[in-house]
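Participant: Have a peek at data-v7.txt (compact mmCIF, C-alpha atoms).
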# COMPACT_ATOMS: atom_id res chain seq x y z
CA MET A 1 0.00 0.00 0.00
CA GLU A 2 2.97 2.33 0.50
CA ASN A 3 3.17 3.09 -3.22
CA THR A 4 -0.49 4.15 -3.18
CA PHE A 5 0.10 6.37 -0.15
CA GLN A 6 2.79 8.11 -2.19
CA LEU A 7 0.27 8.74 -4.97
CA VAL A 8 -2.03 10.41 -2.43
CA ARG A 9 0.89 12.55 -1.22
CA ASN A 10 1.51 13.57 -4.83
CA ILE A 11 -1.93 15.16 -5.17
CA ILE A 12 -1.89 17.19 -1.94
CA PRO A 13 -1.31 20.87 -2.68
CA PRO A 14 1.40 22.49 -0.55
CA LEU A 15 0.38 25.12 1.96
CA SER A 16 1.50 28.56 0.84
CA ALA A 17 1.11 32.17 1.93
CA LYS A 18 0.66 33.12 -1.73
CA LYS A 19 -2.70 31.32 -2.07
CA PHE A 20 -6.10 32.98 -1.81
CA LYS A 21 -9.15 31.81 0.12
CA GLY A 22 -11.04 29.13 -1.78
CA GLN A 23 -8.15 27.91 -3.90
CA ASP A 24 -7.69 24.67 -1.96
CA GLY A 25 -11.35 23.69 -2.08
CA ARG A 26 -14.89 24.98 -1.91
CA ILE A 27 -17.04 21.97 -1.03
CA GLY A 28 -20.84 21.70 -0.99
CA ILE A 29 -22.70 19.18 1.17
CA VAL A 30 -26.26 18.41 0.03
CA GLY A 31 -28.21 16.88 2.91
CA GLY A 32 -29.65 17.53 6.33
CA CYS A 33 -33.31 17.23 7.32
CA GLN A 34 -35.33 17.45 10.52
CA GLU A 35 -34.23 14.01 11.74
CA TYR A 36 -30.61 14.03 10.56
CA THR A 37 -28.46 17.06 11.32
CA GLY A 38 -25.25 15.39 12.53
CA ALA A 39 -24.31 13.74 9.23
CA PRO A 40 -24.05 16.91 7.10
CA TYR A 41 -22.12 18.60 9.90
CA PHE A 42 -19.65 15.70 10.13
CA ALA A 43 -19.11 15.72 6.35
CA ALA A 44 -18.74 19.50 6.13
CA ILE A 45 -16.42 19.92 9.11
CA SER A 46 -14.29 16.97 7.94
CA ALA A 47 -13.80 18.71 4.60
CA LEU A 48 -12.51 21.81 6.41
CA LYS A 49 -10.28 19.80 8.74
CA VAL A 50 -8.67 18.01 5.79
CA GLY A 51 -7.87 21.32 4.14
CA ALA A 52 -10.80 22.76 2.18
CA ASP A 53 -11.07 26.52 2.56
CA LEU A 54 -14.87 26.77 2.51
CA SER A 55 -17.62 24.31 3.31
CA HIS A 56 -21.27 24.88 2.37
CA VAL A 57 -24.26 22.86 3.61
CA PHE A 58 -27.50 22.88 1.56
CA CYS A 59 -30.15 21.50 3.92
CA ALA A 60 -33.84 21.61 4.78
CA ARG A 61 -35.05 24.73 6.58
CA GLU A 62 -35.65 23.03 9.94
CA ALA A 63 -32.16 21.54 9.97
CA ALA A 64 -30.34 24.82 9.32
CA PRO A 65 -30.40 26.42 12.80
CA VAL A 66 -29.27 23.15 14.35
CA ILE A 67 -26.36 22.70 11.94
CA LYS A 68 -25.35 26.36 12.37
CA SER A 69 -25.28 25.82 16.13
CA TYR A 70 -22.71 23.03 15.79
CA SER A 71 -20.08 25.27 14.22
CA PRO A 72 -19.60 28.84 13.04
CA GLU A 73 -17.17 27.52 10.41
CA LEU A 74 -19.90 26.32 8.04
CA ILE A 75 -21.94 28.27 5.50
CA VAL A 76 -25.49 26.93 5.82
CA HIS A 77 -28.22 27.36 3.18
CA PRO A 78 -31.77 26.41 4.35
CA VAL A 79 -33.10 25.76 0.84
CA LEU A 80 -33.31 22.02 0.22
CA ASP A 81 -37.04 21.69 0.90
CA SER A 82 -38.08 24.91 -0.84
CA PRO A 83 -40.08 24.83 -4.12
CA ASP A 84 -37.15 26.42 -5.99
CA ALA A 85 -34.42 24.37 -4.30
CA VAL A 86 -32.75 23.37 -7.56
CA HIS A 87 -32.48 27.00 -8.68
CA GLU A 88 -31.21 28.11 -5.26
CA VAL A 89 -28.43 25.52 -5.24
CA GLU A 90 -27.67 26.00 -8.94
CA LYS A 91 -26.77 29.64 -8.22
CA TRP A 92 -23.91 28.43 -6.07
CA LEU A 93 -22.56 25.71 -8.37
CA PRO A 94 -20.12 28.01 -10.24
CA ARG A 95 -18.45 28.71 -6.88
CA LEU A 96 -18.09 25.07 -5.81
CA HIS A 97 -15.44 22.53 -6.76
CA VAL A 98 -17.19 19.34 -5.55
CA LEU A 99 -20.62 18.31 -4.24
CA VAL A 100 -21.12 15.62 -1.60
CA ILE A 101 -24.71 14.40 -1.92
CA GLY A 102 -26.54 12.39 0.72
CA PRO A 103 -25.34 12.93 4.32
CA GLY A 104 -28.46 13.28 6.47
CA LEU A 105 -30.68 13.59 3.41
CA GLY A 106 -33.44 11.24 4.51
CA ARG A 107 -36.02 9.78 2.13
CA ASP A 108 -38.68 12.45 1.93
CA ASP A 109 -40.03 12.49 -1.63
CA THR A 110 -39.79 16.27 -1.99
CA LEU A 111 -36.15 16.35 -0.88
CA LEU A 112 -35.24 13.43 -3.13
CA GLU A 113 -36.90 15.07 -6.12
CA ASN A 114 -35.00 18.30 -5.45
CA VAL A 115 -31.72 16.42 -5.11
CA LYS A 116 -32.40 14.69 -8.40
CA GLY A 117 -32.61 18.12 -10.05
CA ILE A 118 -29.43 19.26 -8.29
CA LEU A 119 -27.65 16.13 -9.50
CA GLU A 120 -28.68 16.80 -13.08
CA ALA A 121 -27.61 20.45 -12.87
CA SER A 122 -24.24 19.44 -11.42
CA LYS A 123 -23.65 16.86 -14.14
CA ALA A 124 -24.46 19.46 -16.80
CA ARG A 125 -21.64 21.59 -15.39
CA GLY A 126 -19.23 18.66 -15.04
CA ILE A 127 -18.97 19.14 -11.27
CA PRO A 128 -17.46 16.14 -9.44
CA ILE A 129 -19.96 14.41 -7.15
CA VAL A 130 -19.54 12.12 -4.14
CA VAL A 131 -22.73 10.17 -3.39
CA ASP A 132 -23.30 8.61 0.04
CA ALA A 133 -26.07 7.56 2.44
CA ASP A 134 -29.58 8.37 1.17
CA GLY A 135 -28.07 9.83 -1.98
CA LEU A 136 -27.27 6.19 -2.73
CA TRP A 137 -30.90 5.31 -2.00
CA LEU A 138 -31.91 7.75 -4.75
CA VAL A 139 -29.35 6.29 -7.18
CA THR A 140 -30.56 2.77 -6.35
CA GLN A 141 -34.11 3.79 -7.34
CA GLN A 142 -32.86 5.54 -10.51
CA PRO A 143 -29.39 4.30 -11.57
CA ALA A 144 -29.65 6.31 -14.81
CA LEU A 145 -29.05 9.44 -12.71
CA ILE A 146 -25.39 8.52 -12.37
CA GLN A 147 -24.91 6.09 -15.29
CA GLY A 148 -21.68 6.83 -17.15
CA TYR A 149 -20.86 10.00 -15.20
CA LYS A 150 -17.09 9.57 -14.76
CA ASN A 151 -16.84 12.47 -12.28
CA ALA A 152 -18.88 10.60 -9.67
CA VAL A 153 -17.78 8.48 -6.71
CA LEU A 154 -20.28 6.24 -4.89
CA THR A 155 -19.44 5.17 -1.32
CA PRO A 156 -21.84 2.36 -0.31
CA ASN A 157 -21.55 0.37 2.92
CA HIS A 158 -22.43 -3.33 3.07
CA MET A 159 -26.22 -2.87 2.94
CA GLU A 160 -26.14 -0.05 0.39
CA PHE A 161 -23.82 -2.01 -1.88
CA GLY A 162 -26.18 -5.00 -1.83
CA ARG A 163 -29.19 -2.86 -2.78
CA LEU A 164 -27.27 -1.07 -5.52
CA HIS A 165 -25.88 -4.32 -6.91
CA LYS A 166 -29.36 -5.85 -7.09
CA ALA A 167 -30.83 -2.74 -8.75
CA VAL A 168 -28.10 -2.46 -11.39
CA LEU A 169 -27.07 -6.07 -12.00
CA GLY A 170 -30.32 -7.79 -11.07
CA GLY A 171 -28.96 -10.25 -8.56
CA PRO A 172 -27.38 -10.74 -5.12
CA VAL A 173 -23.75 -9.99 -4.32
CA ASP A 174 -21.19 -12.81 -4.64
CA SER A 175 -19.64 -12.62 -1.18
CA ALA A 176 -16.82 -15.00 -2.18
CA ASP A 177 -15.14 -12.49 -4.50
CA GLN A 178 -15.52 -8.92 -3.30
CA ARG A 179 -12.98 -7.53 -5.77
CA ALA A 180 -14.93 -8.94 -8.71
CA THR A 181 -18.27 -7.62 -7.44
CA VAL A 182 -17.08 -4.03 -7.04
CA LEU A 183 -15.38 -4.20 -10.44
CA SER A 184 -18.52 -5.51 -12.16
CA LEU A 185 -20.80 -2.94 -10.48
CA SER A 186 -18.53 -0.11 -11.58
CA GLN A 187 -18.51 -1.46 -15.13
CA ALA A 188 -22.30 -1.82 -15.17
CA LEU A 189 -22.63 1.81 -14.07
CA GLY A 190 -20.44 2.94 -16.98
CA ASN A 191 -17.14 2.99 -15.09
CA VAL A 192 -18.34 5.19 -12.26
CA THR A 193 -15.91 4.93 -9.31
CA VAL A 194 -17.34 2.76 -6.51
CA VAL A 195 -15.96 2.54 -2.97
CA ARG A 196 -17.29 -0.57 -1.25
CA LYS A 197 -16.76 0.08 2.46
CA GLY A 198 -16.15 -2.89 4.72
CA GLU A 199 -13.48 -4.82 6.62
CA HIS A 200 -11.28 -3.86 3.67
CA ASP A 201 -12.41 -0.99 1.45
CA MET A 202 -12.60 -2.00 -2.23
CA ILE A 203 -12.27 0.82 -4.77
CA SER A 204 -12.85 0.37 -8.51
CA ASP A 205 -13.32 2.43 -11.65
CA GLY A 206 -14.31 -0.63 -13.69
CA GLN A 207 -10.74 -1.11 -14.90
CA GLN A 208 -8.67 -1.52 -11.75
CA VAL A 209 -9.29 -2.37 -8.12
CA LEU A 210 -7.51 -0.74 -5.18
CA VAL A 211 -7.83 -2.31 -1.73
CA CYS A 212 -7.46 -0.22 1.43
CA SER A 213 -6.70 -2.48 4.39
CA HIS A 214 -5.11 0.18 6.58
CA LYS A 215 -5.66 -0.60 10.25
CA GLY A 216 -8.66 1.02 11.91
CA SER A 217 -10.39 -0.33 15.03
CA ASN A 218 -13.28 -2.58 16.02
CA ARG A 219 -15.53 0.38 16.83
CA ARG A 220 -18.33 1.07 14.33
CA CYS A 221 -20.14 4.19 15.53
CA GLY A 222 -22.45 6.13 13.23
CA GLY A 223 -20.96 9.04 11.34
CA GLN A 224 -17.70 7.50 10.13
CA GLY A 225 -19.01 7.38 6.58
CA ASP A 226 -19.71 11.12 6.76
CA LEU A 227 -16.11 11.77 7.73
CA LEU A 228 -15.07 9.69 4.72
CA SER A 229 -17.41 11.42 2.26
CA GLY A 230 -16.46 14.92 3.41
CA SER A 231 -12.73 14.26 3.25
CA LEU A 232 -13.20 12.51 -0.09
CA GLY A 233 -14.82 15.63 -1.51
CA VAL A 234 -11.65 17.63 -0.85
CA LEU A 235 -9.30 14.91 -2.10
CA VAL A 236 -11.32 14.54 -5.31
CA HIS A 237 -10.79 18.25 -6.02
CA TRP A 238 -7.07 17.98 -5.32
CA ALA A 239 -6.67 14.81 -7.37
CA LEU A 240 -8.43 16.23 -10.44
CA LEU A 241 -6.39 19.42 -10.12
CA ALA A 242 -3.15 17.40 -9.96
CA GLY A 243 -4.15 15.22 -12.93
CA PRO A 244 -3.26 11.63 -13.94
CA GLU A 245 0.43 12.47 -14.39
CA LYS A 246 0.64 12.69 -10.56
CA THR A 247 -1.27 9.44 -10.01
CA ASN A 248 0.93 7.13 -12.09
CA GLY A 249 -1.79 5.93 -14.44
CA PHE A 250 -4.39 5.34 -11.74
CA SER A 251 -7.64 7.25 -11.97
CA PRO A 252 -7.35 10.42 -9.83
CA LEU A 253 -10.72 9.59 -8.26
CA MET A 254 -9.45 6.18 -7.14
CA VAL A 255 -6.38 7.72 -5.55
CA ALA A 256 -8.60 10.29 -3.80
CA ALA A 257 -10.84 7.49 -2.52
CA PHE A 258 -7.88 5.50 -1.22
CA GLY A 259 -6.68 8.60 0.62
CA ALA A 260 -10.07 9.23 2.22
CA CYS A 261 -10.49 5.57 3.25
CA SER A 262 -7.01 5.48 4.78
CA LEU A 263 -7.54 8.75 6.62
CA THR A 264 -10.87 7.61 8.07
CA ARG A 265 -9.29 4.40 9.32
CA GLN A 266 -6.33 6.25 10.83
CA CYS A 267 -8.69 8.65 12.64
CA ASN A 268 -10.62 5.64 13.91
CA GLN A 269 -7.43 3.96 15.13
CA GLN A 270 -6.15 7.05 16.94
CA ALA A 271 -9.50 7.88 18.55
CA PHE A 272 -9.94 4.28 19.67
CA GLN A 273 -6.53 4.29 21.36
CA LYS A 274 -7.73 7.19 23.51
CA HIS A 275 -11.41 6.38 24.06
CA SER A 276 -11.79 2.63 23.42
CA ARG A 277 -15.44 1.52 23.46
CA ALA A 278 -16.61 5.11 24.08
CA THR A 279 -15.21 6.34 20.73
CA THR A 280 -17.59 8.43 18.65
CA THR A 281 -17.20 10.27 15.33
CA THR A 282 -16.64 13.56 17.18
CA ASP A 283 -13.54 11.96 18.70
CA MET A 284 -12.42 10.84 15.24
CA ILE A 285 -12.79 14.32 13.75
CA ALA A 286 -10.55 15.67 16.50
CA GLU A 287 -7.86 13.34 15.12
CA VAL A 288 -8.04 14.48 11.48
CA GLY A 289 -5.07 16.85 11.65
CA ALA A 290 -2.71 14.44 13.35
CA ALA A 291 -3.88 11.48 11.24
CA PHE A 292 -3.42 13.44 8.02
CA SER A 293 0.12 14.45 9.03
CA LYS A 294 1.02 10.89 10.01
CA LEU A 295 -0.15 9.38 6.72
CA PHE A 296 0.58 12.02 4.14
CA GLU A 297 3.15 14.48 5.53
CA PRO A 298 6.06 12.32 6.70
Starting from the file, give its structure as structure tokens.

Facilitator:
Amino acid sequence: MENTFQLVRNIIPPLSAKKFKGQDGRIGIVGGCQEYTGAPYFAAISALKVGADLSHVFCAREAAPVIKSYSPELIVHPVLDSPDAVHEVEKWLPRLHVLVIGPGLGRDDTLLENVKGILEASKARGIPIVVDADGLWLVTQQPALIQGYKNAVLTPNHMEFGRLHKAVLGGPVDSADQRATVLSLSQALGNVTVVRKGEHDMISDGQQVLVCSHKGSNRRCGGQGDLLSGSLGVLVHWALLAGPEKTNGFSPLMVAAFGACSLTRQCNQQAFQKHSRATTTTDMIAEVGAAFSKLFEP
């Protein structure tokens, strides 16, 4: 895995006093409803901790005051359940480098319909998209939304992968060969990058498979996937900016995904060493800076 870690290091932009605000990443998180306010916060704050300059959250109106109360660092837009949600988000798209769709989205029909429109508008602009959580539920219902869009990364967990596999390939997952299943799902989606989260994270663009088996811990608290999706949003921007010449022939999105998976596991490992069974995602986010330095800034 060391060679792959070096590829991640290759895409990380150096810190510099000559840069201006926004240059290292303006990330949008699309999600957050009455029931789920923690997930969009975790994704958005993780993006900032990894090194994005600005982090926007596009959420339902009732979720906005709650998310704002978690941190003054985030720019919060209470528009996701409004009748003109697509237009409201579309106004911001020229200012954003990447969208992370799904954290805390829920399955309300109005929200899902609005997110469908936002997805289409983002694709029309060529904006890279990370899809997680209930964003994956939407894609499972309508795989054509993401079919063939090479600037997308899907990050399903065990259950989400099974549903997506059945929807796209029409059958259950072959648990005996996880590498083959993630490869075939990516191919069936038109070579969209898929990150199958699990004991080992399997990453494929339909041509190659990268496996992240970096040590984490035995603790599986909710919110870890939000840390991964938020950090992935930033790394996707950096990787596409760096280009394939810095990733040694690997897809930049795959290298970004490997970096985000490794970082999430390292945060988990460090937090678990301090808090053991009591570890939560808040503890993991506190480790982002040290974990990033340990993995990528030797």

Participant: Taking only C-alpha atoms into account, which of A:Phe292, A:Thr37, A:Ala176, A:Gly102 comes nearest Tyr70 in chain A?

Facilitator: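 Once distances to Tyr70 in chain A are computed over only C-alpha atoms, the minimum belongs to A:Thr37.
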
Participant: From the list A:Arg265, A:Phe20, A:Gly216, A:His77, which residue is nearest Arg61 in chain A when using only C-alpha atoms?

Facilitator: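 For Arg61 in chain A, the nearest of the given residues is A:His77.
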
Participant: Tell me, as a list in words, which residues lie within 8 Å of Ser231 in chain A, counting all atoms listed in the file; anything in the same chain fewer than 3 positions away does not count.

Facilitator: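 In the requested format, the answer is Ala43, Ser46, Ala47, Val50, Leu227, Leu228, Val234, Leu235 and Ala260 of chain A.
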
Participant: Let me see the file: selected residues, C-alpha atoms, as a PDB file, in the frame of the given file.

Facilitator:
ATOM      1  CA  ALA A  43     -19.110  15.720   6.350  1.00  0.00           C
ATOM      2  CA  SER A  46     -14.290  16.970   7.940  1.00  0.00           C
ATOM      3  CA  ALA A  47     -13.800  18.710   4.600  1.00  0.00           C
ATOM      4  CA  VAL A  50      -8.670  18.010   5.790  1.00  0.00           C
ATOM      5  CA  LEU A 227     -16.110  11.770   7.730  1.00  0.00           C
ATOM      6  CA  LEU A 228     -15.070   9.690   4.720  1.00  0.00           C
ATOM      7  CA  VAL A 234     -11.650  17.630  -0.850  1.00  0.00           C
ATOM      8  CA  LEU A 235      -9.300  14.910  -2.100  1.00  0.00           C
ATOM      9  CA  ALA A 260     -10.070   9.230   2.220  1.00  0.00           C
TER      10      ALA A 260
END

Participant: Mind pulling up the distance from CA of Arg95 in chain A to CA of Asp24 in chain A?

Facilitator: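 According to the coordinates, CA of Asp24 in chain A and CA of Arg95 in chain A are separated by 12.5 Å.
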
Participant: Could I get the residues of range 30-144 of chain A with an atom no further than 8 Å from an atom of range 153-156 of chain A, each paired with its nearest atom pair and that distance in Å to one decimal, using only C-alpha atoms, sorted by chain and residue number, as JSON lines?

Facilitator:
{"residue": "A:Ile129", "atom": "CA", "partner": "A:Val153", "partner_atom": "CA", "distance": 6.3}
{"residue": "A:Val130", "atom": "CA", "partner": "A:Val153", "partner_atom": "CA", "distance": 4.8}
{"residue": "A:Val131", "atom": "CA", "partner": "A:Leu154", "partner_atom": "CA", "distance": 4.9}
{"residue": "A:Asp132", "atom": "CA", "partner": "A:Thr155", "partner_atom": "CA", "distance": 5.3}
{"residue": "A:Ala133", "atom": "CA", "partner": "A:Pro156", "partner_atom": "CA", "distance": 7.2}
{"residue": "A:Leu136", "atom": "CA", "partner": "A:Pro156", "partner_atom": "CA", "distance": 7.1}

Participant: Using all atoms listed in the file, I'd like a table of the residues in range 152-224 of chain A that come within 10 Å of range 271-274 of chain A; for each, show the closest atom pair and its distance in Å rounded to one decimal, ordered by chain and ascending number, as a tab-separated table.

Facilitator:
residue	atom	partner	partner_atom	distance
A:Gly216	CA	A:Phe272	CA	8.5
A:Ser217	CA	A:Phe272	CA	6.6
A:Asn218	CA	A:Phe272	CA	8.5
A:Arg219	CA	A:Phe272	CA	7.4

Participant: Determine the nearest neighbour of Gly25 in chain A from the options A:Glu297, A:Asp174, A:Asp53, A:Asp226, counting only C-alpha atoms.

Facilitator: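 Residue with the minimum atom-to-atom distance to Gly25 in chain A: A:Asp53.
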
Participant: Considering all atoms listed in the file, return as a ChimeraX atom specification whatever protein or nucleic-acid residues lie within 9 Å of Ala60 in chain A, sequence-local ones (same chain, fewer than 5 positions apart) excluded.

Facilitator: /A:31-34,77-82,105,111

Participant: Have a look at CA of Gly38 in chain A and CA of Ile67 in chain A and let me know their distance in Å, one decimal.

Facilitator: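 Rounded to one decimal, the two atoms are 7.4 Å apart.
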
Participant: Measuring atom to atom with all atoms listed in the file, identify which of A:Glu35, A:His237, A:Val57, A:Ala52 is nearest to Asp108 in chain A.

Facilitator: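 Answer, going by the shortest atom-to-atom distance: A:Glu35.
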
Participant: Which is closest to Ala85 in chain A among A:Leu164, A:Ala124, A:Leu210, A:Cys59, if we use all atoms listed in the file?

Facilitator: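 Nearest to Ala85 in chain A: A:Cys59.
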
Participant: Using only C-alpha atoms, can you list as a list of chain:residue names the residues within 7 Å of (-6.4, 12.4, -10.9)?

Facilitator: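 Final list of nearby residues, as requested, is A:Ala239, A:Leu240, A:Ala242, A:Gly243, A:Pro244, A:Thr247, A:Ser251, A:Pro252, A:Leu253.
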
Participant: Write out, as a PDB file, keeping the file's coordinate frame, the residues just selected, with C-alpha atoms.

Facilitator:
ATOM      1  CA  ALA A 239      -6.670  14.810  -7.370  1.00  0.00           C
ATOM      2  CA  LEU A 240      -8.430  16.230 -10.440  1.00  0.00           C
ATOM      3  CA  ALA A 242      -3.150  17.400  -9.960  1.00  0.00           C
ATOM      4  CA  GLY A 243      -4.150  15.220 -12.930  1.00  0.00           C
ATOM      5  CA  PRO A 244      -3.260  11.630 -13.940  1.00  0.00           C
ATOM      6  CA  THR A 247      -1.270   9.440 -10.010  1.00  0.00           C
ATOM      7  CA  SER A 251      -7.640   7.250 -11.970  1.00  0.00           C
ATOM      8  CA  PRO A 252      -7.350  10.420  -9.830  1.00  0.00           C
ATOM      9  CA  LEU A 253     -10.720   9.590  -8.260  1.00  0.00           C
TER      10      LEU A 253
END

Participant: Which one of A:Pro65, A:Gly230, A:Gly259, A:Pro72 sits closest to Pro103 in chain A if you count all atoms listed in the file?

Facilitator: A:Gly230

Participant: Compute the distance from (-15.8, 2.0, 0.7) to each atom, counting all atoms listed in the file, keep the residues with any atom at most 12 Å away, and return them as a PyMOL selection string; use the coordinates of the file.

Facilitator: chain A and resi 130-133+153-161+178-179+182+193-204+209-213+224-226+228-229+232+254+256-262+264-265

Participant: Output C-alpha atoms for every residue in that selection, as a compact mmCIF listing (two decimals), in the frame of the given file.

Facilitator:
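The file below, again23.txt, is the result:
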# COMPACT_ATOMS: atom_id res chain seq x y z
CA VAL A 130 -19.54 12.12 -4.14
CA VAL A 131 -22.73 10.17 -3.39
CA ASP A 132 -23.30 8.61 0.04
CA ALA A 133 -26.07 7.56 2.44
CA VAL A 153 -17.78 8.48 -6.71
CA LEU A 154 -20.28 6.24 -4.89
CA THR A 155 -19.44 5.17 -1.32
CA PRO A 156 -21.84 2.36 -0.31
CA ASN A 157 -21.55 0.37 2.92
CA HIS A 158 -22.43 -3.33 3.07
CA MET A 159 -26.22 -2.87 2.94
CA GLU A 160 -26.14 -0.05 0.39
CA PHE A 161 -23.82 -2.01 -1.88
CA GLN A 178 -15.52 -8.92 -3.30
CA ARG A 179 -12.98 -7.53 -5.77
CA VAL A 182 -17.08 -4.03 -7.04
CA THR A 193 -15.91 4.93 -9.31
CA VAL A 194 -17.34 2.76 -6.51
CA VAL A 195 -15.96 2.54 -2.97
CA ARG A 196 -17.29 -0.57 -1.25
CA LYS A 197 -16.76 0.08 2.46
CA GLY A 198 -16.15 -2.89 4.72
CA GLU A 199 -13.48 -4.82 6.62
CA HIS A 200 -11.28 -3.86 3.67
CA ASP A 201 -12.41 -0.99 1.45
CA MET A 202 -12.60 -2.00 -2.23
CA ILE A 203 -12.27 0.82 -4.77
CA SER A 204 -12.85 0.37 -8.51
CA VAL A 209 -9.29 -2.37 -8.12
CA LEU A 210 -7.51 -0.74 -5.18
CA VAL A 211 -7.83 -2.31 -1.73
CA CYS A 212 -7.46 -0.22 1.43
CA SER A 213 -6.70 -2.48 4.39
CA GLN A 224 -17.70 7.50 10.13
CA GLY A 225 -19.01 7.38 6.58
CA ASP A 226 -19.71 11.12 6.76
CA LEU A 228 -15.07 9.69 4.72
CA SER A 229 -17.41 11.42 2.26
CA LEU A 232 -13.20 12.51 -0.09
CA MET A 254 -9.45 6.18 -7.14
CA ALA A 256 -8.60 10.29 -3.80
CA ALA A 257 -10.84 7.49 -2.52
CA PHE A 258 -7.88 5.50 -1.22
CA GLY A 259 -6.68 8.60 0.62
CA ALA A 260 -10.07 9.23 2.22
CA CYS A 261 -10.49 5.57 3.25
CA SER A 262 -7.01 5.48 4.78
CA THR A 264 -10.87 7.61 8.07
CA ARG A 265 -9.29 4.40 9.32

Participant: Hey, what's within 9 Å of Thr282 in chain A if we count only C-alpha atoms and toss same-chain stuff fewer than 4 positions away? As JSON, numbers by chain, please?

Facilitator: {"A": [42, 223, 286]}

Participant: One decimal, in Å: what's the spacing between CA of Val66 in chain A and CA of Asp84 in chain A?

Facilitator: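 About the pair CA of Val66 in chain A and CA of Asp84 in chain A: they are 22.1 Å apart.
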
Participant: For Ile146 in chain A, please output as a PDB file with C-alpha atoms, in the frame of the given file all residues within 9 Å (counting all atoms listed in the file; exclusion window: fewer than 5 positions along the same chain).

Facilitator:
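part15.pdb, freshly written:
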ATOM      1  CA  LEU A 119     -27.650  16.130  -9.500  1.00  0.00           C
ATOM      2  CA  GLU A 120     -28.680  16.800 -13.080  1.00  0.00           C
ATOM      3  CA  LYS A 123     -23.650  16.860 -14.140  1.00  0.00           C
ATOM      4  CA  VAL A 139     -29.350   6.290  -7.180  1.00  0.00           C
ATOM      5  CA  ALA A 152     -18.880  10.600  -9.670  1.00  0.00           C
ATOM      6  CA  LEU A 189     -22.630   1.810 -14.070  1.00  0.00           C
ATOM      7  CA  GLY A 190     -20.440   2.940 -16.980  1.00  0.00           C
ATOM      8  CA  VAL A 192     -18.340   5.190 -12.260  1.00  0.00           C
TER       9      VAL A 192
END
